[in-house]
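Have a look at the structure below, then the notes.
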Amino acid sequence: MLRITLLVVVVVLVIFLVPRLFSGLSEPAPRPGSAAPDFTLPSQEGASVSLTDYRGSWVVLYFYPKDQTPGCTREAHNFQVDRAKYAERHAVVLGVSVDSVDSHKKFCAKEGLNFKLLADRDGKVSHAYGSLTNLGVVKFAARHTFLIDPSGRVAKTYTSVDPNRHSEEVLAALDQLQKQ
């Protein structure tokens, strides 16, 4: 009888509570051709950065889970190494996670990063870009990237990212898009 009662309790929990834990899942990711959701977030320097600040340039807006973790560090290093290549293509790289300004500042100092990392503490921007993972007590940005054209429209989306080769992949896409 006790086993049956426990089984019933577990089933009830799964049916009623688990969906509530995942109720904060993100909107669908913006599709290519749609307007990129605008935002203003603080950078690691504490200054406000808006997407509209970069009208007229290509924007590589990449979301990542956590500062100072292996995959996120590798991805950031690759964007940093390729920074001059992005500049040649009139593109700027902006990283976004739900980490704090202070965390971003330490990450940039430790890893020698000199592009902007933006603090999305409440997860609203990550949510708007379909990149927020909300597990109830833990929220983090999923590893997604959006190429935004100079007019502010999404040109390409990446929802499956290999941090080891992603920067090369984005550069190749920029080359293709800029030829069109």
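Chain labels follow the order of the structure tokens: the first chain is A, the next B, and so on; residue numbering restarts at 1 in every chain, and ligands are counted from 1 in their shown order.
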| task | Extract, using only C-alpha atoms, all DNA, RNA and protein residues at most 9 Å from stretch 66-73 of chain A, discarding same-chain residues fewer than 2 positions from it, and format them as a list in words. | result |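 With the cut-off at 9 Å, the set is Tyr64, Glu75, Ala76, His77, Asn78, Ser97, Val98, Asp99, Ser103, His104, Lys106, Phe107, Lys110, Glu111, Phe140, Ala141, Arg143, Asp162, Pro163 and Asn164 of chain A.
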| said: What parts of stretch 18-176 of chain A does DSSP call strand (DSSP E or B)? I'd like the answer as a ChimeraX atom specification. | reply: /A:35,40-43,48-50,58-63,91-97,116-119,132-134,139-141,144-148,153-158
| said: Could you list, as a list in words, every residue within 9 Å of A:Gly152, counting only C-alpha atoms and ignoring same-chain residues fewer than 4 positions away? | reply: Ser34, Ala35, Ala36, Pro37, Asp38, Leu51, Thr52, Tyr54, Arg55, Gly56, Ser57, Trp58, Val59 and Ile148 of chain A
| task | Find the residues around A:Asp175 up to 12 Å (only C-alpha atoms counted), leave out those fewer than 2 positions away in its own chain, and share them as number ranges by chain. | result | A: 58, 85-86, 88-91, 147, 168-173, 177-180
| task | Determine the nearest neighbour of A:Asp82 from the options A:Ser43, A:Ser167, A:Gln176, A:Ser151, counting only C-alpha atoms. | result |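 Answer, going by the shortest atom-to-atom distance: A:Ser167.
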